[in-house]
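Shown below: start.cif, with mmCIF, C-alpha atoms.
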```cif
data_protein
loop_
_atom_site.group_PDB
_atom_site.id
_atom_site.type_symbol
_atom_site.label_atom_id
_atom_site.label_comp_id
_atom_site.auth_asym_id
_atom_site.auth_seq_id
_atom_site.Cartn_x
_atom_site.Cartn_y
_atom_site.Cartn_z
ATOM 1 C CA MET A 1 20.371 10.199 31.993
ATOM 2 C CA VAL A 2 17.036 11.548 33.198
ATOM 3 C CA PHE A 3 14.426 12.790 30.762
ATOM 4 C CA TYR A 4 11.814 15.307 31.699
ATOM 5 C CA HIS A 5 8.318 14.531 30.494
ATOM 6 C CA PRO A 6 5.813 17.319 31.004
ATOM 7 C CA PRO A 7 2.556 16.130 32.511
ATOM 8 C CA ARG A 8 0.010 15.025 29.942
ATOM 9 C CA ARG A 9 -3.464 16.387 29.932
ATOM 10 C CA SER A 10 -5.604 13.418 30.775
ATOM 11 C CA LEU A 11 -9.027 13.089 29.257
ATOM 12 C CA VAL A 12 -11.883 13.292 31.669
ATOM 13 C CA ALA A 13 -14.127 10.237 31.516
ATOM 14 C CA GLY A 14 -16.856 12.194 29.722
ATOM 15 C CA GLU A 15 -14.448 13.492 27.092
ATOM 16 C CA LEU A 16 -13.072 10.014 26.529
ATOM 17 C CA GLY A 17 -16.554 8.572 26.159
ATOM 18 C CA ALA A 18 -17.541 11.283 23.695
ATOM 19 C CA LYS A 19 -14.378 10.746 21.628
ATOM 20 C CA LEU A 20 -14.916 6.979 21.646
ATOM 21 C CA LYS A 21 -18.526 7.389 20.489
ATOM 22 C CA GLU A 22 -17.293 9.694 17.723
ATOM 23 C CA TRP A 23 -14.794 7.082 16.483
ATOM 24 C CA ILE A 24 -17.360 4.277 16.674
ATOM 25 C CA GLU A 25 -19.774 6.368 14.588
ATOM 26 C CA HIS A 26 -17.002 7.112 12.058
ATOM 27 C CA PHE A 27 -16.217 3.399 11.633
ATOM 28 C CA ARG A 28 -19.925 2.535 11.357
ATOM 29 C CA GLU A 29 -20.442 5.133 8.614
ATOM 30 C CA ALA A 30 -17.365 3.925 6.718
ATOM 31 C CA ARG A 31 -18.635 0.327 6.860
ATOM 32 C CA GLU A 32 -22.037 1.443 5.534
ATOM 33 C CA VAL A 33 -20.399 3.264 2.603
ATOM 34 C CA ARG A 34 -18.309 0.190 1.746
ATOM 35 C CA ARG A 35 -21.427 -2.034 1.913
ATOM 36 C CA ARG A 36 -23.529 0.331 -0.203
ATOM 37 C CA PHE A 37 -21.048 0.698 -3.075
ATOM 38 C CA ALA A 38 -19.737 -2.879 -3.162
ATOM 39 C CA ASN A 39 -20.553 -4.934 -6.271
ATOM 40 C CA TRP A 40 -22.117 -7.883 -4.463
ATOM 41 C CA GLU A 41 -22.593 -9.942 -7.636
ATOM 42 C CA PHE A 42 -18.861 -9.720 -8.336
ATOM 43 C CA ILE A 43 -18.020 -10.547 -4.708
ATOM 44 C CA LYS A 44 -20.342 -13.575 -4.648
ATOM 45 C CA SER A 45 -18.788 -14.861 -7.881
ATOM 46 C CA GLN A 46 -15.306 -15.039 -6.327
ATOM 47 C CA PRO A 47 -13.751 -18.210 -4.887
ATOM 48 C CA PRO A 48 -14.480 -18.617 -1.142
ATOM 49 C CA LYS A 49 -11.053 -17.413 -0.006
ATOM 50 C CA LEU A 50 -11.323 -14.152 -1.958
ATOM 51 C CA ARG A 51 -15.003 -13.672 -1.118
ATOM 52 C CA VAL A 52 -14.299 -13.960 2.610
ATOM 53 C CA ALA A 53 -11.385 -11.535 2.336
ATOM 54 C CA LEU A 54 -13.527 -8.994 0.458
ATOM 55 C CA GLU A 55 -16.324 -9.323 3.013
ATOM 56 C CA TYR A 56 -13.798 -8.905 5.823
ATOM 57 C CA PHE A 57 -12.524 -5.721 4.200
ATOM 58 C CA ILE A 58 -16.063 -4.391 3.833
ATOM 59 C CA GLU A 59 -16.800 -4.996 7.508
ATOM 60 C CA VAL A 60 -13.468 -3.934 9.032
ATOM 61 C CA GLY A 61 -11.697 -1.791 6.427
ATOM 62 C CA ASP A 62 -8.327 -3.434 7.098
ATOM 63 C CA LEU A 63 -6.576 -3.762 3.735
ATOM 64 C CA TYR A 64 -3.440 -5.455 5.107
ATOM 65 C CA ASN A 65 -5.213 -8.301 6.911
ATOM 66 C CA ALA A 66 -7.765 -8.720 4.123
ATOM 67 C CA ALA A 67 -4.856 -9.212 1.702
ATOM 68 C CA LYS A 68 -3.336 -11.786 4.046
ATOM 69 C CA LEU A 69 -6.663 -13.651 4.204
ATOM 70 C CA ALA A 70 -6.792 -13.677 0.410
ATOM 71 C CA GLY A 71 -3.188 -14.859 0.120
ATOM 72 C CA MET A 72 -2.316 -11.789 -1.944
ATOM 73 C CA SER A 73 -0.041 -8.812 -1.673
ATOM 74 C CA VAL A 74 -1.645 -5.571 -0.531
ATOM 75 C CA GLU A 75 -1.282 -4.186 -4.058
ATOM 76 C CA GLU A 76 -2.975 -7.230 -5.618
ATOM 77 C CA PHE A 77 -5.803 -7.134 -3.095
ATOM 78 C CA ASN A 78 -6.257 -3.412 -3.629
ATOM 79 C CA GLU A 79 -6.781 -4.085 -7.351
ATOM 80 C CA LEU A 80 -9.380 -6.731 -6.446
ATOM 81 C CA ARG A 81 -11.055 -4.226 -4.089
ATOM 82 C CA ILE A 82 -11.315 -1.739 -6.958
ATOM 83 C CA LYS A 83 -12.789 -4.381 -9.288
ATOM 84 C CA ALA A 84 -15.328 -5.198 -6.566
ATOM 85 C CA GLY A 85 -16.349 -1.539 -6.432
ATOM 86 C CA ILE A 86 -15.476 -1.201 -2.738
ATOM 87 C CA PRO A 87 -14.420 2.351 -1.910
ATOM 88 C CA SER A 88 -11.453 3.026 0.317
ATOM 89 C CA VAL A 89 -13.023 5.026 3.122
ATOM 90 C CA GLY A 90 -10.624 6.263 5.761
#
```
Written as structure tokens, that's how I'd like the structure from this file.
Amino acid sequence: MVFYHPPRRSLVAGELGAKLKEWIEHFREAREVRRRFANWEFIKSQPPKLRVALEYFIEVGDLYNAAKLAGMSVEEFNELRIKAGIPSVG
């Protein structure tokens, strides 16, 4: 069986670069918001494993892998994130 795939509109290098810069700026702004609102005293008071996971989440915004680092379920880590005052910025 042969499937027809219409040609895709490819992004010109300039468009791709502009879109990439836009995404990088979005992620940078999200990281800044997470840093600004985080309760650093609470984070520093946590055991090393949880502190590292919270800091990872602040820097990257990856809830799933932060939960794995903490040895918690995503739901449990999300509760910890809320206690730490870290906003979920998407």
Counting only C-alpha atoms, note down every residue that has an atom within 12 Å of the point (-20.0, -0.1, 10.3) (file coordinates), as a CSV table (one decimal) with C-alpha atoms, keeping the file's coordinate frame.
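Writing done, so here's part18.csv:
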```csv
chain,number,residue,atom,x,y,z
A,23,TRP,CA,-14.8,7.1,16.5
A,24,ILE,CA,-17.4,4.3,16.7
A,25,GLU,CA,-19.8,6.4,14.6
A,26,HIS,CA,-17.0,7.1,12.1
A,27,PHE,CA,-16.2,3.4,11.6
A,28,ARG,CA,-19.9,2.5,11.4
A,29,GLU,CA,-20.4,5.1,8.6
A,30,ALA,CA,-17.4,3.9,6.7
A,31,ARG,CA,-18.6,0.3,6.9
A,32,GLU,CA,-22.0,1.4,5.5
A,33,VAL,CA,-20.4,3.3,2.6
A,34,ARG,CA,-18.3,0.2,1.7
A,35,ARG,CA,-21.4,-2.0,1.9
A,36,ARG,CA,-23.5,0.3,-0.2
A,56,TYR,CA,-13.8,-8.9,5.8
A,57,PHE,CA,-12.5,-5.7,4.2
A,58,ILE,CA,-16.1,-4.4,3.8
A,59,GLU,CA,-16.8,-5.0,7.5
A,60,VAL,CA,-13.5,-3.9,9.0
A,61,GLY,CA,-11.7,-1.8,6.4
A,89,VAL,CA,-13.0,5.0,3.1
```
Query - Counting all atoms listed in the file, the option among A:Lys44, A:Glu22, A:Ala67, A:Gly17 closest to Arg81 in chain A - result: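 Smallest separation from Arg81 in chain A among the options: A:Ala67.
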Query raised in the report: CA of Ser88 in chain A and CA of Lys19 in chain A, how far apart in Å?
Result: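 Between these atoms lies a distance of 22.9 Å.
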Query raised in the report: Between A:Glu55, A:Ile86, A:Glu79, A:Ala66, which is the closest to Ala38 in chain A once you count all atoms listed in the file?
Result: A:Ile86
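The spacing separating CA of Asn78 in chain A from CA of Leu50 in chain A amounts to 12.0 Å.
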Report task. Quick one: everything within 9 Å of Leu80 in chain A, counting only C-alpha atoms, minus sequence neighbours fewer than 4 positions away in the same chain. Send it as a list of chain:residue names. Result -> A:Leu50, A:Leu54, A:Glu75, A:Glu76, A:Ala84, A:Gly85
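Straight-line separation from CA of Val74 in chain A to CA of Arg51 in chain A: 15.6 Å.
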Query raised in the report: Within 8 Å of (-16.7, -7.8, -10.2), in the coordinates the file gives, what residues turn up when you count all atoms listed in the file, written out as a list in words?
Result: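 Result, sorted by chain then residue number: Asn39, Trp40, Glu41, Phe42, Ile43, Ser45, Lys83, Ala84 and Gly85 of chain A.
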